[in-house]
>>> print(open('entry34.csv').read())   # CSV, C-alpha atoms
chain,number,residue,atom,x,y,z
H,1,MET,CA,10.9,8.5,2.4
H,2,ARG,CA,8.7,8.8,-0.6
H,3,ARG,CA,5.6,10.8,-0.5
H,4,ARG,CA,3.0,11.6,-3.0
H,5,ALA,CA,1.9,15.1,-3.7
H,6,ALA,CA,-1.2,16.1,-1.8
H,7,VAL,CA,-4.2,15.2,-3.9
H,8,ALA,CA,-6.2,18.3,-3.5
H,9,SER,CA,-3.4,20.6,-4.6
H,10,VAL,CA,-2.6,18.4,-7.6
H,11,ILE,CA,-6.2,18.3,-8.7
H,12,ALA,CA,-6.5,22.0,-8.2
H,13,SER,CA,-3.4,22.8,-10.2
H,14,ALA,CA,-4.4,20.3,-12.9
H,15,GLY,CA,-7.8,22.0,-13.0
H,16,VAL,CA,-6.2,25.4,-13.4
H,17,LEU,CA,-3.9,24.1,-16.2
H,18,ILE,CA,-6.7,22.4,-18.0
H,19,ALA,CA,-8.7,25.7,-17.8
H,20,GLY,CA,-5.5,27.2,-19.3
H,21,PHE,CA,-5.5,24.8,-22.2
H,22,GLN,CA,-9.1,25.5,-23.0
H,23,ILE,CA,-8.6,29.3,-22.9
H,24,GLY,CA,-5.2,29.5,-24.4
H,25,SER,CA,-4.7,26.6,-26.7
H,26,ALA,CA,-7.6,24.5,-27.5
H,27,VAL,CA,-10.5,26.9,-27.6
H,28,THR,CA,-10.3,30.0,-29.8
H,29,ALA,CA,-13.5,31.5,-28.4
H,30,GLY,CA,-13.5,34.0,-25.6
H,31,ARG,CA,-13.0,33.6,-21.9
H,32,THR,CA,-16.5,32.4,-21.3
H,33,SER,CA,-15.2,28.9,-21.1
H,34,SER,CA,-13.1,29.7,-18.1
H,35,THR,CA,-16.0,28.3,-15.9
H,36,THR,CA,-15.2,25.0,-17.5
H,37,GLY,CA,-12.1,24.8,-15.4
H,38,THR,CA,-14.2,24.6,-12.3
H,39,GLY,CA,-16.2,21.8,-13.7
H,40,THR,CA,-13.1,19.9,-14.6
H,41,THR,CA,-11.7,20.3,-11.1
H,42,SER,CA,-14.7,18.6,-9.6
H,43,GLY,CA,-14.5,15.9,-12.2
H,44,GLY,CA,-10.9,15.2,-11.2
H,45,SER,CA,-11.9,14.3,-7.7
H,46,ALA,CA,-12.9,10.9,-9.0
H,47,SER,CA,-15.8,10.4,-6.6
H,48,ASN,CA,-17.5,8.0,-9.0
H,49,SER,CA,-16.6,4.4,-8.7
H,50,GLY,CA,-16.4,3.0,-12.1
H,51,THR,CA,-13.7,4.9,-13.8
H,52,SER,CA,-10.2,6.0,-13.0
H,53,GLY,CA,-9.4,9.6,-12.2
H,54,GLY,CA,-7.9,10.2,-15.5
H,55,THR,CA,-10.9,9.2,-17.6
H,56,SER,CA,-13.5,10.5,-15.3
H,57,SER,CA,-12.5,14.0,-16.1
H,58,GLY,CA,-13.5,13.4,-19.6
H,59,SER,CA,-17.2,13.6,-18.9
H,60,THR,CA,-16.8,17.1,-17.5
H,61,GLY,CA,-14.3,18.3,-20.0
H,62,THR,CA,-16.9,19.6,-22.5
H,63,THR,CA,-16.4,23.2,-23.1
H,64,GLY,CA,-19.1,25.6,-22.2
H,65,SER,CA,-18.6,27.6,-25.3
H,66,SER,CA,-20.1,26.7,-28.7
H,67,VAL,CA,-16.7,26.3,-30.3
H,68,PRO,CA,-15.5,22.7,-29.9
H,69,ALA,CA,-12.0,22.2,-28.6
H,70,LYS,CA,-9.4,20.9,-31.1
H,71,ASP,CA,-8.4,17.3,-30.8
H,72,GLY,CA,-4.9,16.6,-29.7
H,73,THR,CA,-2.6,16.6,-26.7
H,74,PHE,CA,-2.0,19.9,-25.1
H,75,THR,CA,0.8,20.5,-22.7
H,76,GLY,CA,0.6,23.0,-20.0
H,77,ALA,CA,3.3,25.2,-18.6
H,78,THR,CA,5.3,23.9,-15.7
H,79,GLU,CA,3.8,25.1,-12.4
H,80,GLN,CA,5.6,25.4,-9.2
H,81,THR,CA,3.6,23.7,-6.5
H,82,PRO,CA,4.4,23.3,-2.8
H,83,PHE,CA,5.3,19.7,-3.8
H,84,GLY,CA,7.7,20.6,-6.6
H,85,PRO,CA,7.4,21.4,-10.3
H,86,MET,CA,4.3,20.0,-11.9
H,87,GLN,CA,3.4,19.8,-15.6
H,88,VAL,CA,0.4,18.1,-17.1
H,89,ALA,CA,-0.9,17.4,-20.6
H,90,ALA,CA,-4.5,17.0,-21.5
H,91,VAL,CA,-5.6,14.7,-24.3
H,92,ILE,CA,-8.6,16.1,-26.0
H,93,SER,CA,-10.7,14.0,-28.3
H,94,GLY,CA,-14.1,14.9,-29.8
H,95,GLY,CA,-14.1,18.1,-27.8
H,96,LYS,CA,-13.7,16.4,-24.5
H,97,ILE,CA,-10.8,15.8,-22.2
H,98,THR,CA,-10.2,12.1,-22.4
H,99,ASP,CA,-7.0,11.9,-20.4
H,100,VAL,CA,-4.7,13.9,-18.2
H,101,LYS,CA,-1.1,12.9,-18.1
H,102,VAL,CA,1.4,14.1,-15.5
H,103,LEU,CA,4.6,14.9,-17.4
H,104,GLN,CA,6.9,16.0,-14.6
H,105,LYS,CA,7.4,14.2,-11.4
H,106,THR,CA,7.4,16.1,-8.2
H,107,ASN,CA,10.5,16.3,-6.1
H,108,GLN,CA,8.9,14.1,-3.5
H,109,GLY,CA,9.0,10.7,-5.2
H,110,GLY,CA,10.5,8.7,-8.0
H,111,ARG,CA,7.2,7.6,-9.4
H,112,SER,CA,5.2,9.7,-11.7
H,113,VAL,CA,2.4,11.2,-9.8
H,114,GLN,CA,-1.2,10.3,-10.4
H,115,ILE,CA,-3.8,12.9,-10.4
H,116,SER,CA,-5.5,11.3,-7.4
H,117,ASN,CA,-4.5,8.3,-5.4
H,118,GLN,CA,-7.7,8.3,-3.4
H,119,ALA,CA,-9.2,4.9,-2.5
H,120,ASP,CA,-12.7,4.9,-3.9
H,121,PRO,CA,-15.5,2.4,-3.5
H,122,MET,CA,-15.2,-0.7,-5.7
H,123,LEU,CA,-17.6,-3.5,-6.3
H,124,ARG,CA,-16.8,-7.0,-5.1
H,125,SER,CA,-17.4,-8.3,-8.5
H,126,GLU,CA,-14.8,-6.0,-9.9
H,127,VAL,CA,-12.0,-7.3,-7.7
H,128,LEU,CA,-13.2,-10.9,-8.0
H,129,GLN,CA,-12.3,-10.8,-11.7
H,130,ALA,CA,-8.7,-11.2,-10.7
H,131,GLN,CA,-9.4,-14.2,-8.6
H,132,SER,CA,-8.6,-16.6,-11.3
H,133,ALA,CA,-5.1,-15.3,-11.4
H,134,ASN,CA,-2.4,-17.8,-10.6
H,135,VAL,CA,-1.9,-17.1,-7.0
H,136,SER,CA,1.6,-17.8,-5.6
H,137,THR,CA,1.1,-16.9,-2.0
H,138,ILE,CA,-1.6,-15.8,0.4
H,139,GLY,CA,-1.8,-12.4,2.0
H,140,GLY,CA,-4.0,-11.8,5.0
H,141,ALA,CA,-4.2,-10.2,8.4
H,142,THR,CA,-1.3,-11.7,10.4
H,143,TYR,CA,-2.0,-15.3,11.3
H,144,THR,CA,-0.5,-16.8,14.4
H,145,SER,CA,1.1,-20.2,14.5
H,146,GLU,CA,-2.3,-21.7,15.5
H,147,GLY,CA,-4.2,-19.6,13.0
H,148,TYR,CA,-1.7,-20.7,10.3
H,149,LEU,CA,-3.0,-24.3,10.4
H,150,MET,CA,-6.4,-23.0,9.3
H,151,SER,CA,-5.0,-20.7,6.7
H,152,LEU,CA,-5.0,-20.9,2.9
H,153,GLN,CA,-1.3,-20.4,3.0
H,154,ALA,CA,-1.0,-23.6,5.0
H,155,ALA,CA,-3.0,-25.3,2.2
H,156,LEU,CA,-0.6,-24.0,-0.4
H,157,ASP,CA,2.4,-25.0,1.6
H,158,GLN,CA,1.0,-28.5,2.1
H,159,ALA,CA,0.4,-28.8,-1.6
H,160,GLY,CA,4.1,-27.9,-2.1
H,161,PHE,CA,2.8,-25.4,-4.5
H,162,THR,CA,5.4,-23.1,-6.0
H,163,GLY,CA,4.8,-20.1,-8.3
Y,1,MET,CA,12.3,-23.2,-7.1
Y,2,THR,CA,11.4,-24.9,-3.8
Y,3,ARG,CA,9.3,-24.1,-0.8
Y,4,ALA,CA,10.4,-24.2,2.8
Y,5,THR,CA,8.4,-23.4,5.9
Y,6,PHE,CA,9.3,-22.8,9.6
Y,7,GLU,CA,7.9,-21.3,12.7
Y,8,THR,CA,9.2,-18.2,14.3
Y,9,MET,CA,8.0,-15.1,16.2
Y,10,GLY,CA,4.6,-16.8,16.9
Y,11,THR,CA,3.8,-17.3,13.3
Y,12,VAL,CA,4.9,-19.2,10.2
Y,13,VAL,CA,7.4,-18.3,7.5
Y,14,SER,CA,7.0,-19.6,4.1
Y,15,LEU,CA,9.8,-19.1,1.6
Y,16,ASP,CA,9.7,-19.9,-2.1
Y,17,GLY,CA,13.2,-19.6,-3.6
Y,18,PRO,CA,16.3,-21.4,-4.8
Y,19,GLU,CA,17.0,-24.7,-3.0
Y,20,SER,CA,19.8,-23.4,-0.8
Y,21,PRO,CA,20.1,-24.6,2.8
Y,22,ALA,CA,22.6,-21.8,3.5
Y,23,LEU,CA,20.1,-19.1,2.4
Y,24,LEU,CA,17.3,-20.7,4.4
Y,25,ASP,CA,19.6,-20.8,7.5
Y,26,ALA,CA,20.4,-17.1,7.0
Y,27,VAL,CA,16.7,-16.2,6.8
Y,28,ARG,CA,16.0,-18.3,9.9
Y,29,ALA,CA,18.8,-16.7,11.8
Y,30,VAL,CA,17.4,-13.2,11.1
Y,31,PHE,CA,14.0,-14.1,12.5
Y,32,ASP,CA,15.3,-16.0,15.5
Y,33,ALA,CA,17.5,-13.1,16.5
Y,34,ALA,CA,14.6,-10.6,16.1
Y,35,ASP,CA,12.4,-12.9,18.2
Y,36,ARG,CA,15.0,-13.2,21.0
Y,37,ARG,CA,15.5,-9.4,21.1
Y,38,PHE,CA,12.0,-8.1,20.6
Y,39,SER,CA,9.5,-10.6,21.9
Y,40,LEU,CA,7.5,-9.3,24.9
Y,41,TYR,CA,6.5,-12.9,25.6
Y,42,ARG,CA,10.1,-14.0,26.3
Y,43,PRO,CA,11.0,-13.1,29.9
Y,44,ASP,CA,14.6,-12.7,28.9
Y,45,SER,CA,14.2,-10.6,25.7
Y,46,GLU,CA,15.8,-7.2,25.6
Y,47,LEU,CA,12.5,-5.5,25.0
Y,48,ARG,CA,10.9,-7.3,27.9
Y,49,ARG,CA,13.7,-6.1,30.2
Y,50,ILE,CA,12.9,-2.5,29.1
Y,51,ALA,CA,9.2,-3.1,29.7
Y,52,ASP,CA,9.8,-4.3,33.3
Y,53,GLY,CA,12.3,-1.5,34.0
Y,54,SER,CA,15.4,-3.6,34.4
Y,55,LEU,CA,17.1,-2.1,31.3
Y,56,GLU,CA,17.1,1.6,30.4
Y,57,LEU,CA,16.3,2.4,26.8
Y,58,LEU,CA,19.5,4.4,26.5
Y,59,ASP,CA,21.5,1.3,27.5
Y,60,ALA,CA,19.7,-0.9,24.9
Y,61,SER,CA,21.5,-2.4,21.9
Y,62,ALA,CA,22.0,-0.2,18.8
Y,63,GLU,CA,19.7,-2.5,16.9
Y,64,LEU,CA,16.8,-2.1,19.4
Y,65,ARG,CA,17.3,1.7,19.5
Y,66,GLU,CA,17.4,1.8,15.7
Y,67,VAL,CA,14.1,-0.1,15.4
Y,68,TYR,CA,12.5,2.1,18.1
Y,69,ALA,CA,13.7,5.2,16.4
Y,70,THR,CA,12.3,4.0,13.1
Y,71,ALA,CA,9.0,3.3,14.8
Y,72,LEU,CA,8.9,6.8,16.4
Y,73,GLY,CA,9.6,8.2,12.9
Y,74,TRP,CA,6.6,6.4,11.6
Y,75,ARG,CA,4.5,7.6,14.5
Y,76,GLY,CA,5.3,11.2,13.4
Y,77,GLU,CA,4.7,10.4,9.7
Y,78,THR,CA,1.3,8.9,10.4
Y,79,GLY,CA,0.2,11.5,12.9
Y,80,GLY,CA,0.2,9.0,15.6
Y,81,ALA,CA,-2.1,6.4,13.8
Y,82,PHE,CA,0.9,4.1,14.1
Y,83,THR,CA,2.6,4.0,17.4
Y,84,PRO,CA,5.2,1.8,19.1
Y,85,HIS,CA,3.5,2.3,22.5
Y,86,ARG,CA,0.7,0.4,24.1
Y,87,PRO,CA,-2.0,2.6,25.8
Y,88,ASP,CA,-0.2,1.9,29.1
Y,89,GLY,CA,3.0,3.3,27.7
Y,90,THR,CA,4.8,0.0,27.3
Y,91,VAL,CA,7.2,0.0,24.3
Y,92,ASP,CA,5.7,-2.6,22.0
Y,93,LEU,CA,7.6,-3.0,18.7
Y,94,ASN,CA,5.4,-5.9,17.4
Y,95,GLY,CA,3.9,-3.6,14.8
Y,96,ILE,CA,7.3,-3.1,13.1
Y,97,VAL,CA,9.6,-5.9,14.1
Y,98,LYS,CA,8.2,-8.5,11.8
Y,99,ALA,CA,8.5,-6.2,8.7
Y,100,TRP,CA,11.9,-5.0,9.8
Y,101,ALA,CA,13.1,-8.6,10.1
Y,102,MET,CA,11.5,-9.4,6.7
Y,103,ALA,CA,13.5,-6.5,5.2
Y,104,GLU,CA,16.7,-7.9,6.8
Y,105,ALA,CA,15.9,-11.4,5.5
Y,106,GLY,CA,15.3,-9.9,2.1
Y,107,ARG,CA,18.8,-8.4,2.1
Y,108,ALA,CA,20.2,-11.8,3.1
Y,109,LEU,CA,18.4,-13.4,0.2
Y,110,GLY,CA,19.7,-10.8,-2.2
Y,111,ASP,CA,18.6,-10.6,-5.8
Y,112,GLY,CA,17.0,-13.5,-7.6
Y,113,ASP,CA,13.6,-15.1,-7.6
Y,114,TRP,CA,12.0,-15.6,-4.2
Y,115,CYS,CA,8.9,-14.9,-2.3
Y,116,LEU,CA,8.9,-14.6,1.5
Y,117,ASN,CA,5.5,-14.9,3.3
Y,118,VAL,CA,5.5,-14.2,7.1
Y,119,GLY,CA,2.2,-14.7,8.7
Y,120,GLY,CA,0.4,-13.2,5.6
Y,121,ASP,CA,2.7,-10.4,4.9
Y,122,VAL,CA,4.7,-10.8,1.7
Y,123,LEU,CA,8.0,-9.6,0.3
Y,124,VAL,CA,9.2,-10.7,-3.2
Y,125,SER,CA,12.1,-10.4,-5.6
Y,126,GLY,CA,12.2,-11.2,-9.3
Y,127,ALA,CA,9.6,-13.5,-10.8
Y,128,ALA,CA,7.5,-16.5,-9.9
Y,129,GLY,CA,8.7,-18.4,-12.9
Y,130,SER,CA,9.1,-17.8,-16.6
Y,131,GLY,CA,8.9,-14.1,-16.0
Y,132,ALA,CA,5.4,-14.1,-14.5
Y,133,PRO,CA,5.0,-11.8,-11.5
Y,134,TRP,CA,4.4,-13.1,-8.0
Y,135,VAL,CA,0.6,-12.9,-7.3
Y,136,VAL,CA,-0.6,-12.4,-3.8
Y,137,GLY,CA,-4.1,-13.8,-3.1
Y,138,ILE,CA,-5.8,-11.6,-0.6
Y,139,VAL,CA,-8.0,-13.4,2.0
Y,140,ASP,CA,-11.6,-12.4,2.2
Y,141,PRO,CA,-12.1,-11.3,5.8
Y,142,ALA,CA,-15.7,-12.3,5.6
Y,143,ASP,CA,-14.8,-15.9,4.5
Y,144,ARG,CA,-11.3,-16.7,5.4
Y,145,ALA,CA,-11.3,-19.8,3.3
Y,146,GLY,CA,-11.9,-17.7,0.2
Y,147,LEU,CA,-10.0,-15.1,-1.7
Y,148,LEU,CA,-11.1,-11.5,-2.3
Y,149,THR,CA,-8.8,-11.0,-5.2
Y,150,GLY,CA,-5.3,-11.7,-6.6
Y,151,LEU,CA,-2.8,-8.8,-6.7
Y,152,PRO,CA,0.3,-9.2,-8.9
Y,153,LEU,CA,3.4,-7.4,-7.5
Y,154,VAL,CA,4.7,-5.5,-10.5
Y,155,GLY,CA,6.4,-2.2,-11.3
Y,156,GLY,CA,8.7,-1.9,-8.3
Y,157,ARG,CA,6.0,-3.0,-5.8
Y,158,ARG,CA,7.8,-5.7,-3.9
Y,159,ALA,CA,5.7,-5.8,-0.7
Y,160,ALA,CA,2.1,-6.5,0.3
Y,161,ALA,CA,1.1,-6.2,3.9
Y,162,THR,CA,-2.3,-6.9,5.3
Y,163,SER,CA,-3.6,-5.7,8.7
Y,164,GLY,CA,-6.9,-6.7,10.3
Y,165,SER,CA,-8.9,-5.6,13.2
Y,166,ALA,CA,-10.3,-9.0,14.0
Y,167,GLU,CA,-7.2,-11.1,14.3
Y,168,ARG,CA,-4.2,-10.2,16.5
Y,169,GLY,CA,-5.8,-7.0,17.4
Y,170,ASP,CA,-3.1,-6.7,20.1
Y,171,HIS,CA,-0.9,-4.6,17.9
Y,172,VAL,CA,-3.5,-2.4,16.3
Y,173,TRP,CA,-4.7,0.1,18.9
Y,174,THR,CA,-7.8,1.9,17.5
Y,175,ARG,CA,-7.8,5.5,18.2
Y,176,GLY,CA,-10.5,6.6,20.6
Y,177,ARG,CA,-11.2,2.9,21.5
Y,178,GLU,CA,-14.1,2.7,19.2
Y,179,ALA,CA,-14.6,-0.3,16.9
Y,180,ALA,CA,-12.3,-0.2,13.9
Y,181,GLU,CA,-13.9,1.0,10.7
Y,182,PHE,CA,-11.9,-1.4,8.5
Y,183,ALA,CA,-12.0,-5.2,9.0
Y,184,GLN,CA,-9.0,-5.5,6.7
Y,185,VAL,CA,-6.5,-3.3,5.0
Y,186,THR,CA,-3.9,-4.4,2.4
Y,187,VAL,CA,-1.1,-2.0,1.4
Y,188,LEU,CA,1.3,-2.5,-1.5
Y,189,ALA,CA,4.6,-0.6,-1.4
Y,190,ASP,CA,8.1,-0.9,-2.7
Y,191,ASP,CA,9.3,-1.9,0.8
Y,192,ILE,CA,7.7,-4.1,3.4
Y,193,VAL,CA,8.2,-1.8,6.4
Y,194,THR,CA,6.2,1.0,4.6
Y,195,ALA,CA,3.5,-1.4,3.6
Y,196,ASP,CA,3.2,-3.0,7.0
Y,197,VAL,CA,3.3,0.2,9.1
Y,198,LEU,CA,0.8,2.0,6.8
Y,199,ALA,CA,-1.6,-0.9,6.7
Y,200,THR,CA,-1.6,-0.9,10.5
Y,201,ALA,CA,-2.0,2.8,10.6
Y,202,ILE,CA,-5.0,2.8,8.3
Y,203,VAL,CA,-6.7,0.1,10.4
Y,204,SER,CA,-6.1,2.2,13.4
Y,205,GLY,CA,-7.0,5.6,12.0
Y,206,GLY,CA,-9.9,4.7,9.6
Y,207,SER,CA,-10.8,6.4,6.4
Y,208,ALA,CA,-9.3,9.8,7.3
Y,209,THR,CA,-5.9,8.2,7.7
Y,210,LEU,CA,-6.5,6.2,4.5
Y,211,ASP,CA,-7.1,9.4,2.5
Y,212,ASP,CA,-4.1,11.1,4.1
Y,213,LEU,CA,-1.6,8.3,3.7
Y,214,THR,CA,-2.6,7.4,0.1
Y,215,ALA,CA,-2.1,11.0,-0.8
Y,216,ARG,CA,1.3,11.4,0.9
Y,217,PHE,CA,3.0,8.0,0.3
Y,218,ASP,CA,3.8,6.0,-2.8
Y,219,ILE,CA,1.4,3.1,-1.9
Y,220,ASP,CA,-1.6,1.3,-3.2
Y,221,ALA,CA,-4.4,0.3,-0.8
Y,222,LEU,CA,-7.3,-2.1,-0.8
Y,223,THR,CA,-9.6,-1.8,2.2
Y,224,VAL,CA,-12.6,-3.9,3.4
Y,225,ALA,CA,-14.9,-2.1,5.8
Y,226,ARG,CA,-16.8,-3.8,8.5
Y,227,SER,CA,-19.9,-3.2,6.4
Y,228,GLY,CA,-18.2,-5.2,3.6
Y,229,GLU,CA,-17.6,-2.2,1.4
Y,230,LEU,CA,-14.4,-2.3,-0.6
Y,231,ARG,CA,-12.3,0.7,-1.5
Y,232,ALA,CA,-9.3,0.7,-3.8
Y,233,THR,CA,-6.7,3.1,-5.0
Y,234,PRO,CA,-6.3,3.5,-8.8
Y,235,GLY,CA,-3.2,1.3,-8.8
Y,236,ILE,CA,-5.2,-1.6,-7.3
Y,237,ARG,CA,-7.9,-1.0,-9.9
Y,238,GLU,CA,-5.4,-1.4,-12.6
Y,239,LEU,CA,-4.0,-4.6,-11.2
Y,240,VAL,CA,-7.3,-6.4,-10.8
Y,241,THR,CA,-8.6,-5.4,-14.2
Y,242,ARG,CA,-5.5,-6.0,-16.3
>>> encode(input="entry34.csv", output="C-alpha cells")
Amino acid sequence: MRRRAAVASVIASAGVLIAGFQIGSAVTAGRTSSTTGTGTTSGGSASNSGTSGGTSSGSTGTTGSSVPAKDGTFTGATEQTPFGPMQVAAVISGGKITDVKVLQKTNQGGRSVQISNQADPMLRSEVLQAQSANVSTIGGATYTSEGYLMSLQAALDQAGFTG
Amino acid sequence: MTRATFETMGTVVSLDGPESPALLDAVRAVFDAADRRFSLYRPDSELRRIADGSLELLDASAELREVYATALGWRGETGGAFTPHRPDGTVDLNGIVKAWAMAEAGRALGDGDWCLNVGGDVLVSGAAGSGAPWVVGIVDPADRAGLLTGLPLVGGRRAAATSGSAERGDHVWTRGREAAEFAQVTVLADDIVTADVLATAIVSGGSATLDDLTARFDIDALTVARSGELRATPGIRELVTR
C-alpha cells in the first residue's frame, strides 16, 4: 500500500535543508540568515491558493542578510526521516528560492514525493478552464439505475460517443 | 472502439473498448457474480445470509472473506472513516464491492485501450484514441447537468472515484451523524479500490480526513464543500491548468 510521507515532516526537513543551503552553500555571509529557514518553512505550507507549493516558497526565500544568494541549483545532503531517506534541491534565481525539487523518493511509495499534497482552496473559474477538454466519460457521485437516466453519462452513452 | 452499456448492481456499467462480445461477457460475469454474492437487497445473497444470521462469517466463501478483510484493512488505514459496518453492526460491503468488482473486470479486460464507468466511478487503460488520455468530466454537484471540470487520467493514474453525501448516502456514514462537510469528493489514484475507498472516507470524515489521507496516500483529491468551496491537491491543479 502506497503512502506519502507526512506533509509536516517533509516541509520541516525541506525547511531545514533550505536553511542549510543558505548558510552553507548559497550565502557566504554569517549565520544571521538562519532565521530565513523559519520563513521558508512557513512558505512551504502552501496556504495560499494561487500557486503550487513549490513556487510559493519563492516569495519567502529572500535572504535576511544583505548578501544575495548565488543563482543556481543547490543540492542538500540526504536526510534520514521517519519516512525514509529524503534529499531536496533548491533552485535559486535572483536571490530567491524559485523551486524546491525532491531528488530522492521515500521508501513509502514509487512516486516522487511532493513537498505538500495538501488540498487547498481553488477558484471555480480555475477548474472551469479545463471544461473545454474533450471529455470521454462522466464521473459523479454514484448514480443508481434510476439516477442514470438523468445523468450526463446516459447522454454520452445515448450519443454513442466514444473517446 | 465501441461503447456498450448494461445494468448491474443497481447501477449502469458503460464500457468503451474493443468490439469484443467475449470481453463484454467476461466483464458482465464479474459484476453479476459480485451482485449475487454481496447484495443486501437479494434475499438469497451470501452477505444477506450473514446479515440475518443464517450463515456464519467464518463459513463464508473465501471471496467474501477476502473482500471483508480488505474492507477491515481500509477501516484501519482510514482511522475508521471508512468502515464495512452499518451503525447497527450489519456487515455492509457496498462501499467496496463495486470498486473491487471493477478491479476484477479490469483484470479481465487486460491491457489495451478501454474505459470502464460504473455508476460514475471510472477505471481506464491505455488511451482514448490516437494517444490522447481518457478525460473524466466531473459533475457539478450544484448543477448535475453541468460539469465542474475535466480531469485527464495520466501518469499512472488509472482510476477516478467520486463520492457524494447527497446521493446514495446509504453507504457513507458520517461520523458523529452531523451533516457532511463535503457535498462531493473525487479521488484519483492508480487503482480503483484506493480511489473509491478514500473518496468515501473523505466524505465521511471531512477536512481532517482529507488532510490526513492526501498526506499519507498517493492520491489526488478534488472536493466540493456544501458551501460550494473547492479544494484541490497540487496534482489536480496541474491537470486543470495544463
>>> closest_residue(input="entry34.csv", among="H:Ala141, H:Ala155, H:Met150, H:Ala90", to="chain Y", atoms="all atoms listed in the file")
H:Ala141
>>> interface_residues(input="entry34.csv", of="chain Y", to="chain H", cutoff="6 Å", atoms="all atoms listed in the file", output="ChimeraX atom specification")
/Y:10-12,119-121,128,134-139,149-150,162-164,214-218,230-233,240
>>> atom_distance(input="entry34.csv", atom1="CA of Gly89 (chain Y)", atom2="CA of Gly53 (chain Y)")
12.2 Å
>>> atom_distance(input="entry34.csv", atom1="CA of Arg36 (chain Y)", atom2="CA of Thr200 (chain Y)")
23.2 Å
>>> atom_distance(input="entry34.csv", atom1="CA of Thr223 (chain Y)", atom2="CA of Leu116 (chain Y)")
22.5 Å
>>> residues_around(input="entry34.csv", residues="Ile50 (chain Y)", least_positions_apart="5", cutoff="10 Å", atoms="all atoms listed in the file", output="VMD selection string")
chain Y and resid 40 45 55 to 60 90 to 91
